[in-house]
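Engineer: Shown below is the structure under consideration.
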Amino acid sequence: MEQLVLTSFKKRISRKKAEERIHRHIRLQTAEELLKRVDTGFGAKARAPFQAVVEGVQNAADAIDKAREALLRSRGSDDYDARIKVAIDVVDKSRGELKLSILDNGIGIPRSKVKIIVRAGGTGTIEYKASRSQQGIGWKAAAIYANQSTGKPIEIISKTFSERYPHRHVYDYGKGKVTKVVEERYEGEFPEHGTLMSLHLIGDYSRARGNIYEFIKRMAAIHPYISFTLRANGDRIEYPKRSSKSIPVPSPVPPHPNSVEIGQLKDMLAAQVRIRSISLAGFLQRSFCRIGNKGVNDLIERAAILRYFDSKGFFAGDIIRRISQSEKVKELKKDENKLLKYLRTLVRDVEIDYAMAARLVKKGRLSNGANIRVLSNKELRRLFLVEEDLKAPFTPKTTVGMILNDEEKVRLLTEALRSMAFPAPPMDSLMPIPKEVLIQGFTSIYEPEKHAYVERKPTSSRGRPVQVQVLAMYGGRIPGDLKEQEKLVRIANCTPLIYEFGSDIITQTARSIDWSLYKLGKKGSLPIAPVIFVVHVTSPQLKYLGVAKQAVGADDVIAEEVKFALQAVSRELRKHVNFLERSKASGKAREFLERHAKVVSSSLGKMLEVKEKDVFERLQVEIRRRRPIAEGGRR
Amino acid sequence: MAKRRRQRRIVIKEGMSAEELLEVLQDYASGILEDIQKGRNPGFNVPNRGTGNFIYDERKDVIYLGDKKSKRTFHNVATTAAFTQMLFIMSVLHEAAERNKHLTKREIYYQDPELFNKDQKTSDGILEDIAVTLGVTRPCIRVVAAAKGVCIGDLTLRESGDTFNCNALGRGGWSISPFIDEVEILDCGAEYVLVVEKDAAMIRLVEEDFHKRNKCLLITGKGQPDIATRRLVRRLNKEYGLPVFILTDSDSYGMQICSSYKRGSISLSFESSYLAVPKARFLGLLPSDLDKFKIPQAARLEMTEWDLKKAKTMLEYPWIKNNKRWSRELSLMIKRREKAELQALAKHGITFMTDVYIPQKLAAKDWI
């Protein structure tokens, strides 16, 4: 077969030269170059203006939270007149050139740090706490896109509380590098502290408009303590500050032991060793939340037990899960003999204390998919008939360095950390939206007849706490013909997500629920009923799909939490749906009963010295009490 | 057949004055009113009148009402209508009792046909429910049903001031009064009562002057007897000790009629103690008589499916199952699949029944 040869390859060169050419592109790559190659959300003209607004407003809201933190630390109160102003002006209609400026009165950027922020690969927080912008590349992506589409530089004006005057910076992102054009004192009017960022970009404003408005509207709903102003192309929308109830200022919290992964632990150990190789006990207590003295000892015993299981060649965790996930075991829960017999056939690979297993099942501890964490060391020993004294693989005094040098020890430590019960991670590093804020913010927009709110306890995934809040709204002014996107409002770390609806784990989880169980719809799609779910996921270093941060990435723990929360609010809604159904029937029954009540009261009136009207009214009261119906409900 | 359960029979009161009725009705109404005023669910405890709630008293050979009751309350939509209908009819009865009047079932229905779903069966049923709930017979609640029965014979009666003898009313006899309990029996020259199922047989007996020649009273209920007719037969039996003989066709329907004179019926079991005549005898036409009196094949009829089904059901009733002679006759009928009317006897001559059949049967005590 004849080979297809490109013309440029026809010219013969030496092997050495050929290899050099192939290796030529391997060199340090700047963040700017990288950002040009990944999808940052600026790909489509209809989306670019929206994406730029999202990035800018997120930064602004974070800056306000930082200002609040500073206020809280210095003054003890975080309440102040926080403002975010977004301005979009069409500069050149024919080319679609827009000028976007976002002004906040947040913490401000110190003059000396501006050059780092504009140049560095990522400016996101490296602390373990939740924040809206966490990669720190969003605005840079916007700046690169702005430069590529219009060739114009970006402008930053900023002032911190302690700086005496605002400073103005102009940076050019052209020619593959970041060039400072201007750095000067700014003479114009400026807030006491805050930042103004502006850039020029090409975009289809008329098509982006809807999503921008929706984003600001939802932002305002979640942040009643910030006043938002959107001035775009002559229109002006203002969401004034409605309350001083704010999202708690998150503080950094070390990772939770349950969800640490082996690579992550190695990194942490190595980082510690680089500073100083301390004892294991010290390391554990310092590097993880929720581990105390007792925790360290329990952990070491757990590691010993796990090593024993390994030596015997079976997986205790699997066996426990086998029992707790079995439908048959659940069925036989009440019949002790049958349960015992079944457990013997279920667990044949190793002898266990079947009677104890049966007792644990009966108590509900080995059910509903419970895992090895539910059992204490003592229980674990008894269940798996471990009688001998076990030698621990390490002691509290073993140094971190010794552990890091022994793969086996690292593995055992990881497994022990993951297989023990620790208290739930503290919420300090999270930024849950206060219940009243979420409810008030959304019910005032959608005016449902019924809402239900559920807040899951914080749990952890990959060492980070995760918390899910769900608000469900039903009926009222919610129209019956909403699009799927409108039925599910996704919020991640206090930022509403608009794009990439279908690929979000929240959407996928919602679609997997059988809504018919809650009388809201069917399986495989979002509910059909007039219902809106607001789902908020907060977690430090939340994993998004892509740099544009418009969808939460796949994560089993988040998926499960979202599912449980959606199910819980749906159960509440189902009560309401049932009530509506009953109320429909009650309405008919009332009519029927009242018709008969007239005959009853006239009959009694004929036989006894009693006023027909009085009897009827008394009966009517009782009929209405026994058959309640929805007042003013609209369906 | 309903599962047998040890149960007590409901005792029904037989007589009641208008004042007593008023008092009882007012008691019930006050109870209902109190429930309403206290926000409770007013209701009636109504004894079931269905097939599942009767007691057969073997010793007395009578069917009585059992003590199973069901609650009819206002706030239960399944019973709202029945409750309301009961209370409504009670108020109508109350009004009639105040004026010392009787009402017919039809009159009660027309008080508010809409309330009874435009069906008189509904109001008729409710009336019986009221009677049984109050624990009285229907005449006690002052409701009368049109009576269709006829009585001929030497019986002197007085009703609302008129005194008359049932032999002096021509061949049509005395139309039994619906107010039978208010009729006084002054004198009786008859020695026994002959109850005839149907008018046709009655006409034959009257034309032959059977009642005069044999010193008996002839009574017919013209098919399924009404309450007044049954009540008269019972009074004659109880008050004058007259033996009662019953003549019906030889078919399952005839036997059923005979049985209801004798023992009462399931649907009116609550009135058995006031209507049943346990000592009544089934004289004929017995299935065994067909051969005994050589009824020609041409005069016999084949039983229909309905007849057979009815007969087989009856055979399972305890009062027939446990009665050898009754079950033997019924079994014979089922085995032969033959029935015959009284008129079949006329094959032997039109006076055969009066001249031969009845005297011969009575003389031979050939009854069951």
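Letters A, B, ... go to the chains of the structure tokens in the order shown; residues in each chain start at 1; ligands are counted from 1 in the same order.
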Quick one: residues within 10 Å of segment 131-146 of chain B, only C-alpha atoms, excluding same-chain residues fewer than 6 positions away - as a ChimeraX atom specification?
Structural biologist: /B:10-18,20-22,24-25,28,44-49,65,69,90,93-94,96-97,100-108,124,176-181,226-228,268-275
Engineer: If we count only C-alpha atoms, which residues of chain B reach to within 7 Å of chain A? Please list them as a PDB file with N, CA, C and O atoms, in the first residue's frame.
Structural biologist:
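That gives us result-v8.pdb:
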```
ATOM      1  N   GLN B  26     -87.573  10.957  71.064  1.00  0.00           N
ATOM      2  CA  GLN B  26     -86.932  12.151  71.625  1.00  0.00           C
ATOM      3  C   GLN B  26     -85.629  11.808  72.328  1.00  0.00           C
ATOM      4  O   GLN B  26     -84.668  12.568  72.254  1.00  0.00           O
ATOM      5  N   ALA B  29     -83.120  11.501  69.611  1.00  0.00           N
ATOM      6  CA  ALA B  29     -82.803  12.813  69.055  1.00  0.00           C
ATOM      7  C   ALA B  29     -81.919  13.608  70.013  1.00  0.00           C
ATOM      8  O   ALA B  29     -80.942  14.244  69.591  1.00  0.00           O
ATOM      9  N   ILE B  36     -73.680  16.230  68.631  1.00  0.00           N
ATOM     10  CA  ILE B  36     -73.370  17.339  67.722  1.00  0.00           C
ATOM     11  C   ILE B  36     -72.799  18.510  68.505  1.00  0.00           C
ATOM     12  O   ILE B  36     -71.780  19.092  68.147  1.00  0.00           O
ATOM     13  N   GLN B  37     -73.446  18.825  69.628  1.00  0.00           N
ATOM     14  CA  GLN B  37     -73.006  19.990  70.390  1.00  0.00           C
ATOM     15  C   GLN B  37     -71.633  19.788  71.007  1.00  0.00           C
ATOM     16  O   GLN B  37     -70.894  20.734  71.201  1.00  0.00           O
ATOM     17  N   GLY B  39     -69.302  18.148  69.566  1.00  0.00           N
ATOM     18  CA  GLY B  39     -68.331  17.930  68.485  1.00  0.00           C
ATOM     19  C   GLY B  39     -67.982  16.473  68.287  1.00  0.00           C
ATOM     20  O   GLY B  39     -66.944  16.144  67.739  1.00  0.00           O
ATOM     21  N   THR B  84     -78.660  10.138  57.925  1.00  0.00           N
ATOM     22  CA  THR B  84     -79.555  11.277  57.727  1.00  0.00           C
ATOM     23  C   THR B  84     -80.971  10.811  57.420  1.00  0.00           C
ATOM     24  O   THR B  84     -81.944  11.349  57.954  1.00  0.00           O
ATOM     25  N   LEU B  87     -82.643   9.663  60.611  1.00  0.00           N
ATOM     26  CA  LEU B  87     -83.052  10.760  61.486  1.00  0.00           C
ATOM     27  C   LEU B  87     -84.257  11.496  60.891  1.00  0.00           C
ATOM     28  O   LEU B  87     -85.189  11.882  61.605  1.00  0.00           O
ATOM     29  N   PHE B  88     -84.232  11.640  59.570  1.00  0.00           N
ATOM     30  CA  PHE B  88     -85.334  12.327  58.891  1.00  0.00           C
ATOM     31  C   PHE B  88     -86.642  11.564  59.101  1.00  0.00           C
ATOM     32  O   PHE B  88     -87.664  12.125  59.486  1.00  0.00           O
ATOM     33  N   SER B  91     -88.043  11.899  62.451  1.00  0.00           N
ATOM     34  CA  SER B  91     -88.759  13.155  62.694  1.00  0.00           C
ATOM     35  C   SER B  91     -90.161  13.096  62.090  1.00  0.00           C
ATOM     36  O   SER B  91     -91.120  13.640  62.641  1.00  0.00           O
ATOM     37  N   HIS B  94     -92.174  11.013  64.378  1.00  0.00           N
ATOM     38  CA  HIS B  94     -92.425  11.808  65.572  1.00  0.00           C
ATOM     39  C   HIS B  94     -93.657  12.684  65.368  1.00  0.00           C
ATOM     40  O   HIS B  94     -94.537  12.763  66.221  1.00  0.00           O
TER      41      HIS B  94
END
```
Engineer: I'd like the contact shell of Glu58 of chain B - 9 Å cut-off, only C-alpha atoms, skipping same-chain residues fewer than 2 positions apart - returned as a PDB file with C-alpha atoms, in the first residue's frame.
Structural biologist:
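Heads up, here's the output in part_37.pdb:
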```
ATOM      1  CA  TYR B  56     -82.448 -20.138  64.749  1.00  0.00           C
ATOM      2  CA  LYS B  60     -89.066 -23.160  69.467  1.00  0.00           C
ATOM      3  CA  ASP B  61     -88.436 -23.630  65.726  1.00  0.00           C
ATOM      4  CA  VAL B  62     -88.358 -19.873  65.147  1.00  0.00           C
ATOM      5  CA  ILE B  63     -85.860 -17.563  63.396  1.00  0.00           C
ATOM      6  CA  PRO B 318     -80.717 -25.205  59.810  1.00  0.00           C
ATOM      7  CA  TRP B 319     -84.481 -25.233  60.354  1.00  0.00           C
ATOM      8  CA  ASN B 322     -82.405 -30.388  61.199  1.00  0.00           C
TER       9      ASN B 322
END
```
Engineer: Write out as a PDB file with N, CA, C and O atoms, in the first residue's frame which residues come within 8 Å of segment 107-120 of chain A when counting only C-alpha atoms, dropping same-chain ones fewer than 2 positions away.
Structural biologist:
```pdb
ATOM      1  N   ALA A  31       0.838  30.109  32.353  1.00  0.00           N
ATOM      2  CA  ALA A  31      -0.582  29.903  32.607  1.00  0.00           C
ATOM      3  C   ALA A  31      -1.404  30.445  31.453  1.00  0.00           C
ATOM      4  O   ALA A  31      -2.420  29.880  31.071  1.00  0.00           O
ATOM      5  N   ALA A  63     -14.145  39.066  47.768  1.00  0.00           N
ATOM      6  CA  ALA A  63     -13.458  40.224  48.335  1.00  0.00           C
ATOM      7  C   ALA A  63     -14.291  40.838  49.456  1.00  0.00           C
ATOM      8  O   ALA A  63     -13.761  41.271  50.483  1.00  0.00           O
ATOM      9  N   ILE A  64     -15.616  40.819  49.267  1.00  0.00           N
ATOM     10  CA  ILE A  64     -16.494  41.356  50.318  1.00  0.00           C
ATOM     11  C   ILE A  64     -16.436  40.465  51.555  1.00  0.00           C
ATOM     12  O   ILE A  64     -16.372  40.945  52.686  1.00  0.00           O
ATOM     13  N   ASP A  65     -16.439  39.138  51.324  1.00  0.00           N
ATOM     14  CA  ASP A  65     -16.339  38.241  52.472  1.00  0.00           C
ATOM     15  C   ASP A  65     -15.013  38.434  53.207  1.00  0.00           C
ATOM     16  O   ASP A  65     -14.946  38.325  54.434  1.00  0.00           O
ATOM     17  N   LYS A  66     -13.953  38.731  52.441  1.00  0.00           N
ATOM     18  CA  LYS A  66     -12.651  38.955  53.090  1.00  0.00           C
ATOM     19  C   LYS A  66     -12.684  40.255  53.894  1.00  0.00           C
ATOM     20  O   LYS A  66     -12.127  40.321  54.995  1.00  0.00           O
ATOM     21  N   ALA A  67     -13.376  41.245  53.336  1.00  0.00           N
ATOM     22  CA  ALA A  67     -13.519  42.504  54.090  1.00  0.00           C
ATOM     23  C   ALA A  67     -14.305  42.251  55.370  1.00  0.00           C
ATOM     24  O   ALA A  67     -13.990  42.792  56.433  1.00  0.00           O
ATOM     25  N   ALA A  70     -12.059  40.701  57.843  1.00  0.00           N
ATOM     26  CA  ALA A  70     -11.176  41.698  58.449  1.00  0.00           C
ATOM     27  C   ALA A  70     -11.927  42.527  59.497  1.00  0.00           C
ATOM     28  O   ALA A  70     -11.414  42.798  60.579  1.00  0.00           O
ATOM     29  N   ASN A 105     -16.861  46.969  46.988  1.00  0.00           N
ATOM     30  CA  ASN A 105     -16.188  47.614  48.104  1.00  0.00           C
ATOM     31  C   ASN A 105     -15.725  46.553  49.095  1.00  0.00           C
ATOM     32  O   ASN A 105     -16.022  46.598  50.273  1.00  0.00           O
ATOM     33  N   GLY A 122      -2.322  30.854  39.330  1.00  0.00           N
ATOM     34  CA  GLY A 122      -3.586  30.764  40.067  1.00  0.00           C
ATOM     35  C   GLY A 122      -3.489  31.600  41.313  1.00  0.00           C
ATOM     36  O   GLY A 122      -2.452  31.623  41.963  1.00  0.00           O
ATOM     37  N   THR A 123      -4.530  32.315  41.647  1.00  0.00           N
ATOM     38  CA  THR A 123      -4.491  33.137  42.844  1.00  0.00           C
ATOM     39  C   THR A 123      -5.435  32.624  43.903  1.00  0.00           C
ATOM     40  O   THR A 123      -5.697  33.267  44.892  1.00  0.00           O
ATOM     41  N   LYS A 140      -8.350  35.857  35.032  1.00  0.00           N
ATOM     42  CA  LYS A 140      -7.236  35.841  34.078  1.00  0.00           C
ATOM     43  C   LYS A 140      -7.695  35.289  32.727  1.00  0.00           C
ATOM     44  O   LYS A 140      -7.354  35.812  31.669  1.00  0.00           O
ATOM     45  N   SER A 158      -7.726  49.821  42.612  1.00  0.00           N
ATOM     46  CA  SER A 158      -8.007  49.178  43.894  1.00  0.00           C
ATOM     47  C   SER A 158      -7.480  50.018  45.046  1.00  0.00           C
ATOM     48  O   SER A 158      -6.633  50.905  44.869  1.00  0.00           O
ATOM     49  N   LYS A 159      -8.047  49.753  46.223  1.00  0.00           N
ATOM     50  CA  LYS A 159      -7.563  50.400  47.432  1.00  0.00           C
ATOM     51  C   LYS A 159      -7.912  49.504  48.596  1.00  0.00           C
ATOM     52  O   LYS A 159      -9.033  48.993  48.680  1.00  0.00           O
ATOM     53  N   THR A 160      -6.955  49.305  49.498  1.00  0.00           N
ATOM     54  CA  THR A 160      -7.270  48.579  50.722  1.00  0.00           C
ATOM     55  C   THR A 160      -7.584  49.614  51.782  1.00  0.00           C
ATOM     56  O   THR A 160      -7.313  50.808  51.626  1.00  0.00           O
ATOM     57  N   PHE A 161      -8.152  49.130  52.891  1.00  0.00           N
ATOM     58  CA  PHE A 161      -8.542  50.019  53.981  1.00  0.00           C
ATOM     59  C   PHE A 161      -7.354  50.825  54.484  1.00  0.00           C
ATOM     60  O   PHE A 161      -7.433  52.022  54.737  1.00  0.00           O
ATOM     61  N   GLU A 163      -4.470  51.474  52.875  1.00  0.00           N
ATOM     62  CA  GLU A 163      -3.763  52.295  51.890  1.00  0.00           C
ATOM     63  C   GLU A 163      -4.334  53.708  51.880  1.00  0.00           C
ATOM     64  O   GLU A 163      -5.531  53.906  52.093  1.00  0.00           O
ATOM     65  N   HIS A 167      -5.036  53.008  43.640  1.00  0.00           N
ATOM     66  CA  HIS A 167      -4.007  52.913  42.614  1.00  0.00           C
ATOM     67  C   HIS A 167      -4.597  52.258  41.379  1.00  0.00           C
ATOM     68  O   HIS A 167      -5.476  51.392  41.464  1.00  0.00           O
ATOM     69  N   TYR A 171      -2.809  46.506  32.387  1.00  0.00           N
ATOM     70  CA  TYR A 171      -1.949  45.401  31.945  1.00  0.00           C
ATOM     71  C   TYR A 171      -2.367  44.949  30.567  1.00  0.00           C
ATOM     72  O   TYR A 171      -3.556  44.855  30.253  1.00  0.00           O
ATOM     73  N   VAL A 178       2.423  39.013  29.887  1.00  0.00           N
ATOM     74  CA  VAL A 178       1.680  40.050  30.594  1.00  0.00           C
ATOM     75  C   VAL A 178       2.585  41.255  30.750  1.00  0.00           C
ATOM     76  O   VAL A 178       3.659  41.154  31.350  1.00  0.00           O
ATOM     77  N   HIS A 193     -12.516  51.210  50.474  1.00  0.00           N
ATOM     78  CA  HIS A 193     -11.712  50.041  50.092  1.00  0.00           C
ATOM     79  C   HIS A 193     -12.515  49.290  49.036  1.00  0.00           C
ATOM     80  O   HIS A 193     -13.745  49.376  48.992  1.00  0.00           O
ATOM     81  N   GLY A 194     -11.804  48.559  48.173  1.00  0.00           N
ATOM     82  CA  GLY A 194     -12.502  47.852  47.124  1.00  0.00           C
ATOM     83  C   GLY A 194     -11.689  47.773  45.861  1.00  0.00           C
ATOM     84  O   GLY A 194     -10.531  48.186  45.819  1.00  0.00           O
ATOM     85  N   THR A 195     -12.308  47.191  44.826  1.00  0.00           N
ATOM     86  CA  THR A 195     -11.602  46.971  43.575  1.00  0.00           C
ATOM     87  C   THR A 195     -12.540  47.242  42.403  1.00  0.00           C
ATOM     88  O   THR A 195     -13.717  46.899  42.459  1.00  0.00           O
TER      89      THR A 195
END
```
Engineer: I want to know what sits within 12 Å of segment 423-427 of chain A, based on only C-alpha atoms, with residues of the same chain fewer than 3 positions away left out; could you give that as an MDAnalysis selection string?
Structural biologist: chainID A and resid 128:130 248:259 288:292 295 373:374 420 430:433 456:468 538:540
Engineer: Among segment 3-204 of chain A, which residues does DSSP mark as strand (DSSP E) when it is run on the backbone? Keep the chain and numbering as in the structure and answer as a PyMOL selection string.
Structural biologist: chain A and resi 82-92+97-104+154-159+167-172+179-185+194-202
Engineer: Closest to Pro243 of chain B among B:Ala168, B:Ile130, B:Ile350, B:Leu362, using only C-alpha atoms?
Structural biologist: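 Among the listed residues, B:Leu362 lies closest to Pro243 of chain B.
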Engineer: Quick one: residues within 8 Å of segment 484-497 of chain A, only C-alpha atoms, excluding same-chain residues fewer than 2 positions away - as a PyMOL selection string?
Structural biologist: chain A and resi 58+130-132+215+218-219+222+431-433+482+499+501+506-507+526-527+531-539+549-552
Engineer: Expressed in Å to a single decimal, how great is the separation between atom CA of Asp112 of chain B and atom CA of Phe83 of chain B?
Structural biologist: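 Between atom CA of Asp112 of chain B and atom CA of Phe83 of chain B the gap works out to 14.8 Å.
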Engineer: List the spatial neighbours of segment 143-154 of chain A as a PyMOL selection string - criterion: any atom at most 7 Å away, only C-alpha atoms, same-chain residues fewer than 4 positions off excluded.
Structural biologist: chain A and resi 42+139+170-174+198-202
Engineer: Now that the selection is made, can you save its residues with C-alpha atoms as a PDB file, in the first residue's frame?
Structural biologist:
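Okay, this is what ended up in selection-v2.pdb:
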```
ATOM      1  CA  PHE A  42     -15.187  31.890  26.719  1.00  0.00           C
ATOM      2  CA  TRP A 139     -10.514  36.552  35.798  1.00  0.00           C
ATOM      3  CA  VAL A 170      -3.256  48.718  33.205  1.00  0.00           C
ATOM      4  CA  TYR A 171      -1.949  45.401  31.945  1.00  0.00           C
ATOM      5  CA  ASP A 172      -1.632  44.121  28.411  1.00  0.00           C
ATOM      6  CA  TYR A 173      -2.002  40.397  27.847  1.00  0.00           C
ATOM      7  CA  GLY A 174      -0.863  40.526  24.215  1.00  0.00           C
ATOM      8  CA  SER A 198     -12.701  46.427  33.717  1.00  0.00           C
ATOM      9  CA  LEU A 199     -11.993  44.915  30.357  1.00  0.00           C
ATOM     10  CA  HIS A 200     -13.136  45.027  26.746  1.00  0.00           C
ATOM     11  CA  LEU A 201     -14.349  41.900  25.064  1.00  0.00           C
ATOM     12  CA  ILE A 202     -16.278  40.748  22.008  1.00  0.00           C
TER      13      ILE A 202
END
```
Engineer: Counting only C-alpha atoms, which residue out of B:Ala201, B:Leu345, B:Val277, B:Leu242 sits closest to Ser265 of chain B?
Structural biologist: B:Val277
Engineer: Based on DSSP run over this structure's backbone, return all residues of segment 151-302 of chain B in alpha helix (DSSP H), as a PyMOL selection string.
Structural biologist: chain B and resi 199-207+210-214+227-240+252-263+272-275+289-292
Engineer: Set out as JSON lines a contact list for segment 193-253 of chain A and segment 438-448 of chain A with a cut-off of 8 Å, giving each residue of segment 193-253 of chain A that qualifies its closest atom pair and distance in Å to one decimal, counting only C-alpha atoms, ordered by chain and rising residue number.
Structural biologist:
```
{"residue": "A:Ala220", "atom": "CA", "partner": "A:Gly441", "partner_atom": "CA", "distance": 7.8}
{"residue": "A:Ala221", "atom": "CA", "partner": "A:Gly441", "partner_atom": "CA", "distance": 4.3}
{"residue": "A:Ile222", "atom": "CA", "partner": "A:Leu438", "partner_atom": "CA", "distance": 6.0}
{"residue": "A:Pro224", "atom": "CA", "partner": "A:Gly441", "partner_atom": "CA", "distance": 7.2}
```
Engineer: Emit the selected residues as an mmCIF file, in the first residue's frame, including C-alpha atoms.
Structural biologist:
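After the write, result.cif holds the following:
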```
data_model
loop_
_atom_site.group_PDB
_atom_site.id
_atom_site.type_symbol
_atom_site.label_atom_id
_atom_site.label_comp_id
_atom_site.auth_asym_id
_atom_site.auth_seq_id
_atom_site.Cartn_x
_atom_site.Cartn_y
_atom_site.Cartn_z
ATOM 1 C CA ALA A 220 -28.738 38.546 45.068
ATOM 2 C CA ALA A 221 -31.102 35.906 46.448
ATOM 3 C CA ILE A 222 -28.237 34.138 48.181
ATOM 4 C CA PRO A 224 -29.111 39.552 50.960
#
```
